[in-house]
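Have a look at data32.txt below; it lists compact mmCIF, C-alpha atoms.
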# COMPACT_ATOMS: atom_id res chain seq x y z
CA MET A 1 -29.65 1.78 15.67
CA ILE A 2 -30.12 3.93 12.60
CA ASN A 3 -33.65 5.02 11.79
CA ASN A 4 -34.91 2.52 14.35
CA GLN A 5 -33.19 -0.34 12.52
CA LYS A 6 -30.84 -2.61 14.43
CA VAL A 7 -27.16 -2.60 13.44
CA GLY A 8 -24.86 -5.57 13.98
CA ALA A 9 -21.11 -5.88 13.51
CA VAL A 10 -19.13 -8.94 12.46
CA ILE A 11 -15.46 -8.72 13.39
CA VAL A 12 -13.56 -11.36 11.44
CA ALA A 13 -10.34 -12.40 13.13
CA ALA A 14 -10.02 -16.07 12.29
CA GLY A 15 -7.12 -15.81 9.83
CA SER A 16 -3.94 -17.76 10.33
CA GLY A 17 -1.67 -14.71 10.32
CA GLU A 18 1.06 -16.72 8.65
CA ARG A 19 3.23 -13.66 7.97
CA MET A 20 3.37 -12.75 11.67
CA GLY A 21 6.32 -15.04 12.45
CA GLY A 22 4.59 -16.97 15.21
CA VAL A 23 3.08 -13.92 16.95
CA ASP A 24 -0.69 -14.16 17.40
CA LYS A 25 -1.70 -10.75 16.08
CA MET A 26 -5.15 -10.64 17.68
CA LEU A 27 -3.69 -11.13 21.16
CA ALA A 28 -0.59 -8.99 20.55
CA PRO A 29 -0.26 -5.87 22.73
CA LEU A 30 -1.18 -2.54 21.17
CA GLY A 31 -1.52 0.75 23.03
CA GLY A 32 -1.94 -0.90 26.43
CA ARG A 33 -4.56 -3.45 25.27
CA THR A 34 -4.58 -6.34 22.84
CA VAL A 35 -5.29 -5.80 19.13
CA LEU A 36 -8.56 -7.71 19.61
CA ALA A 37 -9.71 -5.59 22.56
CA TRP A 38 -8.76 -2.47 20.63
CA VAL A 39 -10.86 -3.24 17.57
CA VAL A 40 -13.84 -4.54 19.55
CA GLY A 41 -13.60 -1.44 21.75
CA VAL A 42 -14.18 0.88 18.80
CA PHE A 43 -17.41 -0.96 17.93
CA GLN A 44 -18.48 -1.10 21.59
CA GLU A 45 -18.10 2.68 21.91
CA CYS A 46 -19.85 3.49 18.61
CA PRO A 47 -23.46 4.50 19.46
CA ALA A 48 -24.79 3.20 16.12
CA ILE A 49 -23.76 -0.39 16.89
CA ASP A 50 -26.22 -2.61 18.78
CA GLU A 51 -24.68 -6.08 18.69
CA ILE A 52 -21.27 -7.53 17.91
CA ALA A 53 -20.26 -11.02 16.82
CA VAL A 54 -16.54 -11.79 16.97
CA VAL A 55 -15.23 -14.65 14.84
CA LEU A 56 -11.96 -16.18 16.01
CA GLY A 57 -9.72 -19.10 15.15
CA GLU A 58 -10.20 -22.28 17.18
CA HIS A 59 -7.01 -21.62 19.15
CA ASN A 60 -8.19 -18.17 20.27
CA ILE A 61 -11.76 -18.91 21.31
CA GLU A 62 -11.13 -19.35 25.02
CA ALA A 63 -8.76 -16.41 25.38
CA GLY A 64 -11.16 -14.30 23.28
CA GLN A 65 -14.16 -15.16 25.43
CA ARG A 66 -12.27 -14.19 28.59
CA LEU A 67 -10.96 -10.99 27.05
CA LEU A 68 -14.33 -9.87 25.67
CA ALA A 69 -16.46 -10.72 28.70
CA GLY A 70 -16.58 -7.05 29.69
CA PHE A 71 -17.91 -5.79 26.35
CA SER A 72 -21.69 -5.57 26.74
CA LYS A 73 -22.49 -5.48 23.02
CA VAL A 74 -20.60 -8.68 22.21
CA ILE A 75 -23.35 -11.30 21.93
CA ALA A 76 -21.21 -14.04 20.37
CA VAL A 77 -17.59 -15.11 20.24
CA CYS A 78 -17.62 -17.90 17.69
CA ARG A 79 -15.34 -20.18 15.74
CA GLY A 80 -14.39 -19.28 12.16
CA GLY A 81 -14.60 -21.59 9.15
CA GLU A 82 -12.04 -22.71 6.64
CA ARG A 83 -12.46 -19.85 4.17
CA ARG A 84 -13.04 -16.20 5.00
CA GLN A 85 -16.65 -16.33 3.82
CA ASP A 86 -17.38 -19.24 6.17
CA SER A 87 -16.13 -17.10 9.05
CA VAL A 88 -18.20 -14.07 8.05
CA LEU A 89 -21.30 -16.26 7.72
CA ALA A 90 -20.68 -17.76 11.16
CA GLY A 91 -20.81 -14.23 12.55
CA ILE A 92 -23.84 -13.14 10.52
CA ASN A 93 -25.78 -16.15 11.76
CA HIS A 94 -25.66 -14.71 15.29
CA LEU A 95 -27.09 -11.34 14.20
CA GLY A 96 -30.47 -12.43 12.84
CA GLY A 97 -32.41 -9.42 14.10
CA CYS A 98 -30.15 -6.83 12.50
CA ARG A 99 -31.24 -4.86 9.44
CA TRP A 100 -27.69 -3.60 8.81
CA LEU A 101 -24.44 -5.53 9.05
CA VAL A 102 -21.03 -3.92 9.40
CA ILE A 103 -18.28 -6.37 8.44
CA HIS A 104 -14.81 -5.54 9.65
CA ASP A 105 -11.42 -7.16 9.47
CA GLY A 106 -10.05 -7.76 12.98
CA ALA A 107 -6.55 -7.03 11.70
CA ARG A 108 -7.51 -3.36 11.19
CA PRO A 109 -7.55 -2.10 14.78
CA LEU A 110 -7.03 1.57 13.88
CA LEU A 111 -10.48 2.18 12.48
CA THR A 112 -12.46 4.94 14.12
CA ALA A 113 -16.13 5.17 15.05
CA ASP A 114 -16.49 7.72 12.24
CA LEU A 115 -15.59 5.08 9.66
CA ILE A 116 -18.49 3.00 10.96
CA THR A 117 -21.08 5.78 10.95
CA ASP A 118 -19.84 7.10 7.58
CA GLY A 119 -20.31 3.57 6.21
CA LEU A 120 -23.86 3.36 7.51
CA ALA A 121 -24.64 6.72 5.90
CA ALA A 122 -23.05 5.68 2.59
CA ALA A 123 -24.95 2.38 2.53
CA ALA A 124 -28.32 4.06 3.05
CA GLU A 125 -28.76 4.72 -0.69
CA SER A 126 -28.10 1.38 -2.38
CA GLY A 127 -27.80 -0.89 0.67
CA ALA A 128 -24.06 -1.55 0.30
CA ALA A 129 -20.93 0.51 0.99
CA ALA A 130 -17.21 -0.14 1.33
CA CYS A 131 -14.50 1.96 2.90
CA ALA A 132 -11.68 2.79 0.48
CA VAL A 133 -8.74 5.15 -0.10
CA PRO A 134 -7.40 6.55 -3.38
CA VAL A 135 -4.50 4.43 -4.66
CA THR A 136 -1.18 6.26 -4.23
CA ASP A 137 1.10 3.73 -5.95
CA THR A 138 1.54 3.63 -9.68
CA ILE A 139 -0.25 0.45 -10.74
CA LYS A 140 0.74 -1.48 -13.85
CA LEU A 141 -0.82 -4.44 -15.55
CA ALA A 142 1.75 -6.97 -16.77
CA GLY A 143 1.58 -9.99 -19.03
CA ASP A 144 2.84 -13.51 -18.28
CA ASP A 145 6.22 -12.39 -19.56
CA ASP A 146 6.36 -9.65 -16.87
CA TYR A 147 6.41 -6.91 -19.48
CA VAL A 148 4.14 -3.95 -18.81
CA ARG A 149 0.92 -4.05 -20.82
CA GLU A 150 -0.60 -0.92 -19.37
CA THR A 151 -0.04 1.68 -16.69
CA LEU A 152 -3.45 2.29 -15.14
CA SER A 153 -4.66 5.82 -14.63
CA ARG A 154 -4.70 6.42 -10.89
CA LYS A 155 -7.82 8.51 -11.26
CA ARG A 156 -10.74 6.53 -9.86
CA LEU A 157 -8.64 3.63 -8.59
CA TRP A 158 -9.43 2.82 -4.97
CA ALA A 159 -7.83 0.43 -2.52
CA VAL A 160 -10.61 -1.17 -0.52
CA GLN A 161 -10.55 -1.54 3.26
CA THR A 162 -13.12 -2.43 5.87
CA PRO A 163 -15.59 -1.56 7.44
CA GLN A 164 -18.02 -2.61 4.72
CA VAL A 165 -21.73 -2.13 5.39
CA PHE A 166 -24.60 -4.11 3.90
CA ARG A 167 -28.34 -4.36 4.30
CA SER A 168 -28.91 -7.83 5.70
CA ASP A 169 -31.10 -9.08 2.83
CA ILE A 170 -28.44 -8.06 0.27
CA ILE A 171 -25.49 -9.71 1.99
CA THR A 172 -27.60 -12.84 2.59
CA VAL A 173 -28.48 -13.18 -1.10
CA ALA A 174 -24.89 -12.47 -2.10
CA TYR A 175 -23.55 -15.11 0.26
CA ARG A 176 -26.06 -17.66 -0.95
CA GLN A 177 -24.80 -17.15 -4.52
CA ALA A 178 -21.09 -17.28 -3.56
CA GLN A 179 -19.18 -20.07 -5.21
CA ALA A 180 -15.43 -19.54 -5.24
CA GLU A 181 -13.31 -18.41 -2.32
CA PHE A 182 -13.12 -14.63 -1.94
CA THR A 183 -11.53 -12.10 0.38
CA ASP A 184 -13.68 -9.01 -0.21
CA ASP A 185 -17.36 -9.00 0.73
CA ALA A 186 -18.17 -6.06 -1.53
CA SER A 187 -16.97 -8.00 -4.60
CA LEU A 188 -19.46 -10.71 -3.77
CA VAL A 189 -22.28 -8.23 -3.46
CA GLU A 190 -21.28 -6.66 -6.79
CA LYS A 191 -21.31 -10.10 -8.38
CA ALA A 192 -24.83 -10.65 -7.13
CA GLY A 193 -25.86 -7.54 -9.08
CA TYR A 194 -26.06 -4.93 -6.33
CA ARG A 195 -24.46 -1.49 -6.42
CA VAL A 196 -21.69 -0.77 -3.89
CA LYS A 197 -20.88 2.79 -2.88
CA LEU A 198 -17.31 3.62 -1.90
CA TYR A 199 -16.75 6.04 0.95
CA LYS A 200 -13.58 7.66 2.19
CA GLY A 201 -11.46 5.50 4.47
CA SER A 202 -8.16 6.44 6.07
CA TYR A 203 -4.55 5.64 5.17
CA GLY A 204 -4.07 5.10 8.91
CA ASN A 205 -6.61 2.24 8.88
CA ILE A 206 -3.82 -0.24 8.16
CA LYS A 207 -4.11 -4.01 8.06
CA ILE A 208 -1.70 -5.81 10.33
CA THR A 209 -0.13 -8.67 8.42
CA THR A 210 3.51 -8.50 9.58
CA PRO A 211 5.24 -7.61 12.89
CA ALA A 212 6.35 -4.33 11.27
CA HIS A 213 2.70 -3.36 10.75
CA LEU A 214 2.11 -3.98 14.44
CA ALA A 215 4.95 -1.61 15.29
CA LEU A 216 3.56 0.95 12.85
CA ALA A 217 0.12 0.65 14.46
CA GLY A 218 1.69 1.49 17.81
CA VAL A 219 3.34 4.58 16.31
CA LEU A 220 0.10 5.72 14.70
CA LEU A 221 -1.82 5.27 17.95
CA GLY A 222 0.83 7.26 19.79
CA GLU A 223 0.43 10.10 17.29
CA ARG A 224 -3.30 10.20 17.92
CA GLY A 225 -2.75 10.59 21.63
CA GLY A 226 -0.13 13.32 21.13
CA MET B 1 30.10 -1.77 -14.69
CA ILE B 2 28.09 -4.50 -16.35
CA ASN B 3 29.61 -6.11 -19.44
CA ASN B 4 32.17 -3.31 -19.52
CA GLN B 5 29.44 -0.68 -19.72
CA LYS B 6 29.39 2.13 -17.20
CA VAL B 7 26.45 2.35 -14.80
CA GLY B 8 25.25 5.60 -13.23
CA ALA B 9 22.66 6.20 -10.55
CA VAL B 10 20.35 9.19 -10.15
CA ILE B 11 18.98 9.54 -6.63
CA VAL B 12 16.04 11.94 -6.71
CA ALA B 13 15.41 13.63 -3.39
CA ALA B 14 14.19 17.08 -4.34
CA GLY B 15 10.53 16.65 -3.33
CA SER B 16 8.89 18.99 -0.88
CA GLY B 17 7.83 16.25 1.54
CA GLU B 18 4.69 18.17 2.40
CA ARG B 19 3.17 15.27 4.36
CA MET B 20 6.17 15.11 6.74
CA GLY B 21 4.84 17.79 9.09
CA GLY B 22 7.88 20.04 8.84
CA VAL B 23 10.47 17.25 9.22
CA ASP B 24 13.03 17.17 6.40
CA LYS B 25 12.88 13.50 5.51
CA MET B 26 16.21 13.32 3.66
CA LEU B 27 18.09 14.62 6.72
CA ALA B 28 16.00 12.74 9.27
CA PRO B 29 17.86 10.16 11.37
CA LEU B 30 17.46 6.51 10.42
CA GLY B 31 19.45 3.62 11.84
CA GLY B 32 22.28 5.83 13.09
CA ARG B 33 22.66 7.83 9.84
CA THR B 34 20.43 10.18 7.88
CA VAL B 35 17.92 8.87 5.34
CA LEU B 36 20.04 10.48 2.60
CA ALA B 37 23.28 8.84 3.75
CA TRP B 38 21.47 5.54 4.04
CA VAL B 39 20.15 5.50 0.49
CA VAL B 40 23.39 6.82 -1.06
CA GLY B 41 25.33 4.25 0.98
CA VAL B 42 23.50 1.36 -0.67
CA PHE B 43 24.52 2.64 -4.13
CA GLN B 44 28.07 3.36 -2.95
CA GLU B 45 28.45 -0.24 -1.72
CA CYS B 46 26.92 -1.84 -4.82
CA PRO B 47 29.80 -3.03 -7.05
CA ALA B 48 27.78 -2.56 -10.26
CA ILE B 49 27.44 1.20 -9.70
CA ASP B 50 30.20 3.48 -11.04
CA GLU B 51 28.88 7.01 -10.53
CA ILE B 52 26.12 8.63 -8.52
CA ALA B 53 24.33 11.94 -9.01
CA VAL B 54 22.20 13.11 -6.10
CA VAL B 55 19.45 15.63 -6.79
CA LEU B 56 18.31 17.69 -3.82
CA GLY B 57 16.04 20.61 -3.07
CA GLU B 58 17.64 24.04 -2.93
CA HIS B 59 17.44 24.12 0.88
CA ASN B 60 19.35 20.83 1.22
CA ILE B 61 22.21 21.37 -1.22
CA GLU B 62 24.78 22.59 1.30
CA ALA B 63 23.97 20.03 3.97
CA GLY B 64 23.89 17.33 1.29
CA GLN B 65 27.29 18.25 -0.10
CA ARG B 66 28.82 18.12 3.38
CA LEU B 67 27.10 14.84 4.21
CA LEU B 68 28.08 13.13 0.95
CA ALA B 69 31.70 14.32 0.77
CA GLY B 70 32.92 10.91 1.95
CA PHE B 71 31.12 8.90 -0.75
CA SER B 72 33.67 8.37 -3.52
CA LYS B 73 31.16 7.48 -6.25
CA VAL B 74 29.09 10.65 -5.81
CA ILE B 75 30.22 12.86 -8.69
CA ALA B 76 27.46 15.46 -8.41
CA VAL B 77 25.13 16.87 -5.78
CA CYS B 78 22.83 19.09 -7.78
CA ARG B 79 19.70 21.18 -7.47
CA GLY B 80 16.35 19.73 -8.57
CA GLY B 81 13.81 21.37 -10.85
CA GLU B 82 10.19 22.25 -10.42
CA ARG B 83 8.72 18.95 -11.58
CA ARG B 84 10.08 15.48 -10.84
CA GLN B 85 11.21 15.01 -14.45
CA ASP B 86 13.25 18.22 -14.29
CA SER B 87 15.05 16.82 -11.25
CA VAL B 88 15.74 13.45 -12.88
CA LEU B 89 17.10 15.20 -15.98
CA ALA B 90 19.35 17.38 -13.86
CA GLY B 91 20.90 14.20 -12.48
CA ILE B 92 21.13 12.42 -15.85
CA ASN B 93 22.99 15.40 -17.30
CA HIS B 94 25.90 14.66 -14.94
CA LEU B 95 26.17 11.02 -16.03
CA GLY B 96 26.95 11.46 -19.72
CA GLY B 97 29.40 8.58 -19.97
CA CYS B 98 27.04 5.97 -18.57
CA ARG B 99 25.38 3.36 -20.78
CA TRP B 100 22.92 2.38 -18.03
CA LEU B 101 21.04 4.65 -15.65
CA VAL B 102 19.48 3.51 -12.41
CA ILE B 103 16.87 6.01 -11.22
CA HIS B 104 15.89 5.79 -7.58
CA ASP B 105 13.61 7.70 -5.28
CA GLY B 106 15.58 9.10 -2.32
CA ALA B 107 12.56 8.52 -0.09
CA ARG B 108 13.06 4.74 -0.42
CA PRO B 109 16.10 4.19 1.82
CA LEU B 110 15.40 0.49 2.45
CA LEU B 111 16.37 -0.74 -1.00
CA THR B 112 19.12 -3.34 -1.11
CA ALA B 113 22.03 -3.76 -3.51
CA ASP B 114 20.22 -6.84 -4.86
CA LEU B 115 17.37 -4.65 -6.10
CA ILE B 116 19.92 -2.67 -8.13
CA THR B 117 21.69 -5.67 -9.67
CA ASP B 118 18.37 -7.46 -10.29
CA GLY B 119 17.22 -4.34 -12.13
CA LEU B 120 20.31 -4.24 -14.30
CA ALA B 121 19.79 -7.91 -15.16
CA ALA B 122 16.10 -7.37 -15.95
CA ALA B 123 16.85 -4.36 -18.16
CA ALA B 124 19.39 -6.26 -20.27
CA GLU B 125 16.69 -7.67 -22.55
CA SER B 126 14.62 -4.66 -23.64
CA GLY B 127 16.67 -1.83 -22.15
CA ALA B 128 14.15 -0.86 -19.47
CA ALA B 129 13.07 -2.40 -16.18
CA ALA B 130 11.12 -1.30 -13.12
CA CYS B 131 10.99 -2.76 -9.64
CA ALA B 132 7.47 -3.75 -8.56
CA VAL B 133 5.52 -5.86 -6.07
CA PRO B 134 2.23 -7.71 -6.56
CA VAL B 135 -0.69 -5.60 -5.37
CA THR B 136 -2.11 -6.97 -2.10
CA ASP B 137 -5.07 -4.61 -1.73
CA THR B 138 -8.34 -5.21 -3.49
CA ILE B 139 -8.47 -2.48 -6.15
CA LYS B 140 -11.74 -1.11 -7.47
CA LEU B 141 -12.51 1.29 -10.26
CA ALA B 142 -15.26 3.77 -9.35
CA GLY B 143 -17.30 6.27 -11.33
CA ASP B 144 -17.81 9.95 -10.57
CA ASP B 145 -20.71 8.94 -8.34
CA ASP B 146 -18.33 6.80 -6.20
CA TYR B 147 -20.17 3.62 -7.10
CA VAL B 148 -17.98 0.65 -7.99
CA ARG B 149 -17.74 0.05 -11.73
CA GLU B 150 -15.35 -2.87 -11.54
CA THR B 151 -13.25 -4.84 -9.07
CA LEU B 152 -9.96 -5.45 -10.83
CA SER B 153 -8.49 -8.92 -10.84
CA ARG B 154 -5.41 -8.78 -8.63
CA LYS B 155 -3.67 -11.21 -10.93
CA ARG B 156 -1.03 -9.31 -12.89
CA LEU B 157 -1.52 -6.01 -11.06
CA TRP B 158 1.78 -4.61 -9.81
CA ALA B 159 2.58 -1.62 -7.61
CA VAL B 160 5.66 0.03 -9.05
CA GLN B 161 8.64 1.13 -6.96
CA THR B 162 12.15 2.21 -7.73
CA PRO B 163 14.94 1.42 -8.67
CA GLN B 164 14.07 1.66 -12.35
CA VAL B 165 16.82 0.92 -14.86
CA PHE B 166 17.12 2.27 -18.39
CA ARG B 167 19.60 2.19 -21.22
CA SER B 168 20.73 5.79 -21.58
CA ASP B 169 19.57 6.22 -25.20
CA ILE B 170 16.07 5.03 -24.29
CA ILE B 171 15.57 7.28 -21.29
CA THR B 172 16.98 10.21 -23.26
CA VAL B 173 14.49 9.76 -26.10
CA ALA B 174 11.64 9.25 -23.64
CA TYR B 175 12.50 12.42 -21.75
CA ARG B 176 12.76 14.40 -24.96
CA GLN B 177 9.19 13.36 -25.82
CA ALA B 178 7.79 14.06 -22.35
CA GLN B 179 5.05 16.65 -22.27
CA ALA B 180 2.89 16.52 -19.17
CA GLU B 181 4.10 16.21 -15.60
CA PHE B 182 4.68 12.61 -14.50
CA THR B 183 5.86 10.76 -11.42
CA ASP B 184 6.95 7.41 -12.88
CA ASP B 185 9.87 7.19 -15.31
CA ALA B 186 8.79 3.81 -16.65
CA SER B 187 5.44 5.25 -17.79
CA LEU B 188 7.30 7.78 -19.85
CA VAL B 189 9.44 5.12 -21.46
CA GLU B 190 6.32 3.06 -22.22
CA LYS B 191 4.71 6.12 -23.80
CA ALA B 192 7.75 6.52 -26.05
CA GLY B 193 7.07 3.01 -27.35
CA TYR B 194 9.66 0.96 -25.46
CA ARG B 195 8.97 -2.24 -23.55
CA VAL B 196 9.46 -2.16 -19.77
CA LYS B 197 10.14 -5.36 -17.85
CA LEU B 198 8.91 -5.61 -14.27
CA TYR B 199 11.12 -7.36 -11.74
CA LYS B 200 10.41 -8.38 -8.17
CA GLY B 201 10.82 -5.61 -5.62
CA SER B 202 10.26 -5.87 -1.89
CA TYR B 203 7.35 -4.88 0.36
CA GLY B 204 10.03 -3.60 2.73
CA ASN B 205 11.21 -1.08 0.11
CA ILE B 206 8.77 1.50 1.46
CA LYS B 207 8.48 5.12 0.41
CA ILE B 208 8.74 7.57 3.29
CA THR B 209 6.00 10.15 2.92
CA THR B 210 4.83 10.58 6.52
CA PRO B 211 6.54 10.54 9.94
CA ALA B 212 4.90 7.15 10.58
CA HIS B 213 6.72 5.72 7.53
CA LEU B 214 9.97 6.96 9.00
CA ALA B 215 9.22 5.12 12.24
CA LEU B 216 8.33 2.01 10.25
CA ALA B 217 11.61 2.24 8.33
CA GLY B 218 13.47 2.23 11.64
CA VAL B 219 11.60 -0.90 12.74
CA LEU B 220 12.30 -2.67 9.44
CA LEU B 221 15.99 -1.79 9.62
CA GLY B 222 16.11 -3.10 13.19
CA GLU B 223 14.61 -6.39 12.02
CA ARG B 224 17.32 -6.76 9.40
CA GLY B 225 20.01 -6.37 12.00
CA GLY B 226 18.35 -8.89 14.34

Let me see the structure of the file written as structure tokens.
Amino acid sequence: MINNQKVGAVIVAAGSGERMGGVDKMLAPLGGRTVLAWVVGVFQECPAIDEIAVVLGEHNIEAGQRLLAGFSKVIAVCRGGERRQDSVLAGINHLGGCRWLVIHDGARPLLTADLITDGLAAAAESGAAACAVPVTDTIKLAGDDDYVRETLSRKRLWAVQTPQVFRSDIITVAYRQAQAEFTDDASLVEKAGYRVKLYKGSYGNIKITTPAHLALAGVLLGERGG
Amino acid sequence: MINNQKVGAVIVAAGSGERMGGVDKMLAPLGGRTVLAWVVGVFQECPAIDEIAVVLGEHNIEAGQRLLAGFSKVIAVCRGGERRQDSVLAGINHLGGCRWLVIHDGARPLLTADLITDGLAAAAESGAAACAVPVTDTIKLAGDDDYVRETLSRKRLWAVQTPQVFRSDIITVAYRQAQAEFTDDASLVEKAGYRVKLYKGSYGNIKITTPAHLALAGVLLGERGG
């Protein structure tokens, strides 16, 4: 709850994980639990969150339901769709009574409860907020010939993460207008004409896409404990 | 040598490493050697490389000289300057006879010899090439108010790494014209009016800036062996 308005979370974990070399990243061990239990645990423990919908791939539904049975806020463990937006929508459809929706990528298990509450605070103004970190790489724009056209000024360039937080009416309108496939909910909301506020994420909030990322996540978790 | 032209390498490792929590990253252990020995070893083993200048911080000079005594191509272990460009220049000044200069960040020990030879091939056309990977994050441009102004199309956005390869006359002119402080040699060469070709780097060619990166580098090296 924030200001007596219900808050729901959609955890999207239905991707194929094709760069994981056959390891199912959501069920992979991390800090004594699975990646999935870790990420759902952060939402479960966050006082602002009322309900959680977890979207999984077909092959993970049964294992996911077993694993998440003990999490009282999880009201749905459902099957994802073909594209990412189909999966997010499947989750949103279970959270009808929520005024605010926190969308989070299941492959980012190192988020903290602060990133959720900071997102809710940031979204209060315009109804939409996305977690992001300043870009540290030098970014260049190249032509078809691979020659540099422009080196972008790093000032004001942000790499977007999740959580992303939206007022339910805004994300619903944005999704209704969505045409092409997309991988970033905030982009969709921008396209629908709404303003999205960026708030400070964490470089430690990594996305697990390869086995090396999984190892790194273990190291980062160990550092937190130490 | 490429086409009978001498090739020199500048390995820049004079940074303060302030995010390493007191660990000296160049002397930190990695895969049974130090990070410094690892990165210099790749250049030593690369047949295209004739001479190597290693630029270190004042505090590392003695240890570096001892550590690198066995590397036959290392012709100078010298002290870096205040800004990155001062350090690169200090190295270049030792490689006067070289037609081509390969500049590499000492904090990227996971480069391969292929990245060096690919860079020399890419630079043949315009005289300047930089290693880069397609950006995988969603990148947004924000205003002073932290609201998103634009989500950049990922198409044609590249995150630049090193090695970067330059014909010696080009990098010399570019450095002579350099005014402000900069962290990317290619940008400087672009500013001087030369064309820089991007060539495919590797996501595994990570830059070690935190202890977690060092742990990740160990994991990635282990994977290579396996």

Within-12 Å shell of (13.7, 12.0, 7.5) in input frame, all atoms listed in the file, as a PyMOL selection string: chain B and resi 13+16-17+19-39+106-109+207-218

CA of Arg79 (chain A) to CA of His59 (chain A), distance in Å rounded to a single decimal: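 Straight-line distance from CA of Arg79 (chain A) to CA of His59 (chain A) works out to 9.1 Å.
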
Test item: chain A residues at most 9 Å from chain B, counting only C-alpha atoms, as a ChimeraX atom specification: /A:129,132,135,137-151,155-161,183-184,187,190,195-199,212-213,215-217,219-220,223

Neighbour list for Gly64 (chain A) as a list of chain:residue names, cut-off 8 Å, only C-alpha atoms, skip fewer than 4 positions in-chain: A:Leu36, A:Leu56, A:Asn60, A:Leu68, A:Val77

Point-to-point distance in Å for CA of Ser202 (chain B) and CA of Ile75 (chain B): 28.2 Å

Gap from CA of Gln164 (chain A) to CA of Gly193 (chain A) - Å, one decimal: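 If I compute the distance from CA of Gln164 (chain A) to CA of Gly193 (chain A), I get 16.6 Å.
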
Export region 70-83 of chain B of the preceding structure, keeping C-alpha atoms, as a PDB file, in the first residue's frame.
ATOM      1  CA  GLY B  70      60.905 -11.946 -18.292  1.00  0.00           C
ATOM      2  CA  PHE B  71      58.803 -10.472 -21.120  1.00  0.00           C
ATOM      3  CA  SER B  72      61.198  -9.946 -24.022  1.00  0.00           C
ATOM      4  CA  LYS B  73      59.004  -7.498 -25.950  1.00  0.00           C
ATOM      5  CA  VAL B  74      58.603  -5.078 -23.031  1.00  0.00           C
ATOM      6  CA  ILE B  75      61.049  -2.281 -23.852  1.00  0.00           C
ATOM      7  CA  ALA B  76      59.802   0.211 -21.257  1.00  0.00           C
ATOM      8  CA  VAL B  77      58.025   0.199 -17.918  1.00  0.00           C
ATOM      9  CA  CYS B  78      57.350   3.855 -17.298  1.00  0.00           C
ATOM     10  CA  ARG B  79      55.546   6.196 -14.949  1.00  0.00           C
ATOM     11  CA  GLY B  80      52.118   7.549 -15.903  1.00  0.00           C
ATOM     12  CA  GLY B  81      51.002  11.166 -15.809  1.00  0.00           C
ATOM     13  CA  GLU B  82      48.190  12.923 -14.065  1.00  0.00           C
ATOM     14  CA  ARG B  83      45.542  12.445 -16.754  1.00  0.00           C
TER      15      ARG B  83
END
